[in-house]
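One structure below.
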2 protein chains.
Amino acid sequence: MNFFRSSKPIELPKHNCVLPHALRVPSLEKLVGKRVVLASNSPRRKEILRTVGLEPEIVPSTFEEDLSHGQFEDLHEYPVATATHKAVEVYQRLVSESPEDSPDLVIAADTVVLTHPPPGLDSVPFEHEGSVHQEVLEKPSSKQDNLRMLLDLNCAICEVVTGVSLVYPVLEAPGYKIKSLDERTLVHFADNPKELLEAYANSGEGVDRAGGFAVQVPKCECLCSSIQGLGGLLIRKVDGDYQNVVGFPVASFFKFLEVLCEEEDDFLEV
Amino acid sequence: MNFFRSSKPIELPKHNCVLPHALRVPSLEKLVGKRVVLASNSPRRKEILRTVGLEPEIVPSTFEEDLSHGQFEDLHEYPVATATHKAVEVYQRLVSESPEDSPDLVIAADTVVLTHPPPGLDSVPFEHEGSVHQEVLEKPSSKQDNLRMLLDLNCAICEVVTGVSLVYPVLEAPGYKIKSLDERTLVHFADNPKELLEAYANSGEGVDRAGGFAVQVPKCECLCSSIQGLGGLLIRKVDGDYQNVVGFPVASFFKFLEVLCEEEDDFLEV
């Protein structure tokens with residue numbers, strides 16, 4: 001048997017974000033060979049995208065994430081604005097760093113946890129919907145602060161909102177377009193006994209999390225994957241997209257890509 | 001520096017199903033040192049329990065899982081009955097194999113996917129609830145059969161029901177008690193384009209799954225963990241316990257343990 005050495009080396013594509021197990025659908029096929037960047041260091045977001053067959057380059061944003069909540073009449077716009085700042089910062093930086101290899105798509109996301117009115121007040125008339133008072137739940141400052149937040153959330157509902165912004169090049173000024181979505185999921189806390197909340201606060205899992213609880217935490221020793229957190233034990237039900245609570249609304253993102261491919265002539269074509 | 005060798009070897013407990021990261025709550029503390037058995041070979045169930053700090057012995061049941069659906073007026077009782085058969089079979093087998101080390105708790109579960117009436121018909125009067133016609137969705141026999149099922153589920157709702165049965169020893173005949181729960185989660189399929197359903201059916205992920213879709217699949221190479229499946233892309237929202245769709249309603253199970261510890265004098269005391 002003879003082996004022949006090809007005189008021409010096989011050229012691998014410079015960028016390859018679409019994995020072999022990705023579903024063969026138009027939007028993912030259009031991303032093959034493109035430079036796709038995720039402006040986030042979150043292992044959970046990276047993993048969620050990887051499971052649907054997308055492995056973007058990771059370039060965390062340097063945006064400070066210090067927007068004031070007060071400037072948003074509707075708090076759902078707050079994570080969208082943060083995501084947009086992150087995506088634009090990374091896009092502009094990469095274009096100036098390597099104008100000959102600028103990104104085809106930058107994806108950024110920001111997740112916040114908001115207070116939510118109790119079920120009885122849920123069905124406010126549509127025209128007043130924006131006026132329901134909501135607050136952003138921050139990260140607890142200590143285990144004791146975590147317990148205080150959990151006691152507030154117990155038997156209650158909170159709303160997890162992720163803003164996702166996409167930035168891609170177009171010919172007109174300023175040279176890029178921004179498209180955004182937000183995804184909202186209600187998380188219903190069970191009527192947990194105080195001992196369970198104390199045990200959870202003492203576990204320390206919630207201290208670094210907005211809202212003070214985690215439904216998914218990195219656990220696997222090979223760091224390739226994350227699994228549900230102990231926080232799931234406190235939750236009676238999730239109403240909406242579960243992955244949104246983990247940190248990235250992948251189903252909506254995917255549908256959004258399909259819509260952009262169909263409706264925006266310049267999407268991934270410049 | 002001197003090292004001393006203890007003359008008495010440290011005695012490790014014979015059974016240890018409670019992991020160091022488990023929450024310090026009464027029910028889990030009561031399980032320390034007990035022989036706890038999971039009558040299931042499902043890596044997903046094992047993993048869900050492990051994340052909350054419980055690592056039971058795995059003894060898959062030999063029960064055939066061939067109960068006829070027709071015998072249940074309310075189909076929600078069907079997975080509970082299967083789980084009970086599995087738990088009792090394993091309990092009785094282990095007692096006869098090693099009467100001096102019989103199990104303190106056997107846990108079994110069975111998950112089925114049922115058709116569900118469309119949203120408009122959702123609010124049937126309570127007294128008629130049992131009479132809403134539901135059917136069990138089986139595993140698709142081929143990729144083509146998978147596509148047929150997905151076309152039926154598209155834009156529609158299905159109900160994932162897990163029955164969980166616990167068997168534990170008591171003094172009275174027949175020597176054990178059975179306690180069961182069922183957990184129900186509604187899964188709303190998005191309005192997916194046919195190409196996406198075809199791509200999903202062709203991926204083969206749904207072929208071995210009841211209902212023809214998977215929200216969680218084992219992926220990690222070290223086999224220690226599973227991550228969400230491509231099937232999540234088809235789903236608009238989950239209404240209820242997400243872990244129940246993965247295969248084990250761990251939050252309800254946990255609360256059930258607490259109730260049994262409080263209300264059943266003989267639970268884990270024989």
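By order of appearance in the structure tokens: chains A, B, ..., then residues from 1 within every chain, and ligands from 1 in the order shown.
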
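Selecting chain A residues within 6 Å of chain B and counting only C-alpha atoms yields Leu23, Arg24, Val52, Ala199, Leu230, Leu233, Lys237, Val238, Asp239, Gly240, Asp241 and Ala251 of chain A.
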
If you keep N, CA and C atoms, can you produce a file of those selected residues as an mmCIF file, in the first residue's frame?
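Dumped everything to part19.cif:
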```
data_model
loop_
_atom_site.group_PDB
_atom_site.id
_atom_site.type_symbol
_atom_site.label_atom_id
_atom_site.label_comp_id
_atom_site.auth_asym_id
_atom_site.auth_seq_id
_atom_site.Cartn_x
_atom_site.Cartn_y
_atom_site.Cartn_z
ATOM 1 N N LEU A 23 -27.367 21.482 15.040
ATOM 2 C CA LEU A 23 -28.486 21.156 14.157
ATOM 3 C C LEU A 23 -28.258 21.821 12.801
ATOM 4 N N ARG A 24 -28.618 21.118 11.744
ATOM 5 C CA ARG A 24 -28.417 21.646 10.387
ATOM 6 C C ARG A 24 -29.569 22.579 10.023
ATOM 7 N N VAL A 52 -25.653 23.691 22.073
ATOM 8 C CA VAL A 52 -26.446 23.793 20.847
ATOM 9 C C VAL A 52 -25.538 23.872 19.626
ATOM 10 N N ALA A 199 -29.730 26.753 56.261
ATOM 11 C CA ALA A 199 -28.738 25.785 55.777
ATOM 12 C C ALA A 199 -28.225 26.213 54.404
ATOM 13 N N LEU A 230 -27.788 23.787 44.643
ATOM 14 C CA LEU A 230 -28.661 23.465 45.765
ATOM 15 C C LEU A 230 -29.865 24.399 45.792
ATOM 16 N N LEU A 233 -33.522 23.490 45.246
ATOM 17 C CA LEU A 233 -34.351 22.879 46.291
ATOM 18 C C LEU A 233 -35.338 23.866 46.894
ATOM 19 N N LYS A 237 -41.529 26.294 41.451
ATOM 20 C CA LYS A 237 -41.647 26.146 40.005
ATOM 21 C C LYS A 237 -41.034 27.315 39.255
ATOM 22 N N VAL A 238 -40.658 27.002 38.035
ATOM 23 C CA VAL A 238 -40.121 28.000 37.128
ATOM 24 C C VAL A 238 -41.165 28.177 36.042
ATOM 25 N N ASP A 239 -41.521 29.410 35.739
ATOM 26 C CA ASP A 239 -42.520 29.658 34.705
ATOM 27 C C ASP A 239 -41.834 30.417 33.575
ATOM 28 N N GLY A 240 -41.419 29.679 32.562
ATOM 29 C CA GLY A 240 -40.714 30.300 31.445
ATOM 30 C C GLY A 240 -39.525 29.453 31.033
ATOM 31 N N ASP A 241 -38.516 30.105 30.471
ATOM 32 C CA ASP A 241 -37.335 29.406 29.970
ATOM 33 C C ASP A 241 -36.364 29.150 31.124
ATOM 34 N N ALA A 251 -33.001 29.314 23.561
ATOM 35 C CA ALA A 251 -34.059 29.042 22.582
ATOM 36 C C ALA A 251 -34.472 30.337 21.874
#
```

DSSP alpha helix (DSSP H) residues within stretch 7-75 of chain B, as number ranges by chain: B: 26-31, 43-51

Spatial neighbours of stretch 172-180 of chain B, 10 Å, only C-alpha atoms, chain gap at least 2 places, as a list in words: Val80, Ala81, Ala83, Thr84, Ala87, Val88, Tyr91, Gln92, Asp104, Leu105, Val106, Ile107, Ala108, Ala109, Gly163, Val164, Ser165, Leu166, Val167, Tyr168, Pro169, Val170, Asp182, Phe253, Phe256, Leu260, Asp266, Phe267 and Val270 of chain B

Using DSSP assignments from the backbone, pull out every residue in stretch 94-213 of chain A that falls under strand (DSSP E or B) and give it to me as a VMD selection string. chain A and resid 105 to 115 136 to 137 157 to 169 176 to 189

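Between B:Glu135 and the residues B:Leu181, B:Val59, B:Met149, B:Val113, the shortest atom-to-atom distance, using only C-alpha atoms, involves B:Val113.
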
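Computed from the coordinates, the atom CA of B:Pro103 to atom CA of B:Lys34 distance equals 7.7 Å.
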
When you draw a straight line from atom CA of B:Lys46 to atom CA of B:Leu268, how long is it in Å? 21.1 Å

Considering only C-alpha atoms, state which residue in the set B:Leu151, B:Val132, B:Val90, B:Val37 is at the smallest distance from B:His116. B:Val132

Which residue, A:Glu138, A:Glu65, A:Glu89, A:Glu100, has the smallest gap to A:Phe213 when you use only C-alpha atoms? A:Glu138

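The environment of A:His69 within 12 Å, counting only C-alpha atoms and disregarding residues fewer than 6 places along the same chain, consists of Leu75, His76, Glu77, Tyr78, Pro79, Val80, Ala81, Thr82, Val112, Leu114, Gln134, Glu135, Val136, Leu137 and Glu138 of chain A.
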
Of the listed residues B:Thr111, B:Asn146, B:Ser68, B:Ser27, that which approaches B:Gly204 most closely, counting only C-alpha atoms: B:Asn146

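Between atom CA of A:Ile157 and atom CA of A:Leu67 the separation is 24.8 Å.
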
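Using only C-alpha atoms, the residues found no farther than 10 Å from A:Val18, other than those of its own chain fewer than 5 positions away, are A:Leu23, A:Leu28, A:Glu29, A:Lys30, A:Leu31, A:Val32, A:Gly33, A:Lys34, A:Val36, A:Arg50, A:Val52, A:Gly53, A:Leu54, A:Glu55, A:Pro56.
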
Limited to C-alpha atoms, could you put the picked residues into a file as a PDB file, in the first residue's frame?
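Writing done, so here's result09.pdb:
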```
ATOM      1  CA  LEU A  23     -28.486  21.156  14.157  1.00  0.00           C
ATOM      2  CA  LEU A  28     -26.154  27.958  12.117  1.00  0.00           C
ATOM      3  CA  GLU A  29     -25.061  27.069   8.595  1.00  0.00           C
ATOM      4  CA  LYS A  30     -24.653  30.776   7.918  1.00  0.00           C
ATOM      5  CA  LEU A  31     -22.294  31.079  10.904  1.00  0.00           C
ATOM      6  CA  VAL A  32     -19.834  28.473   9.568  1.00  0.00           C
ATOM      7  CA  GLY A  33     -16.431  30.097   9.029  1.00  0.00           C
ATOM      8  CA  LYS A  34     -17.539  33.407  10.575  1.00  0.00           C
ATOM      9  CA  VAL A  36     -18.349  34.926  16.273  1.00  0.00           C
ATOM     10  CA  ARG A  50     -21.713  24.838  23.199  1.00  0.00           C
ATOM     11  CA  VAL A  52     -26.446  23.793  20.847  1.00  0.00           C
ATOM     12  CA  GLY A  53     -23.348  23.534  18.695  1.00  0.00           C
ATOM     13  CA  LEU A  54     -21.945  27.056  18.887  1.00  0.00           C
ATOM     14  CA  GLU A  55     -18.450  27.647  20.263  1.00  0.00           C
ATOM     15  CA  PRO A  56     -17.735  31.357  19.928  1.00  0.00           C
TER      16      PRO A  56
END
```

Long-range neighbours of stretch 139-144 of chain A as a PyMOL selection string, 6 Å cut-off, only C-alpha atoms, 5 positions minimum in chain: chain A and resi 201+207-212

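Of the listed residues A:Pro99, A:His133, A:Lys194, A:Glu264, the one whose atoms come nearest to A:Cys155 is A:Lys194, with distances taken using only C-alpha atoms.
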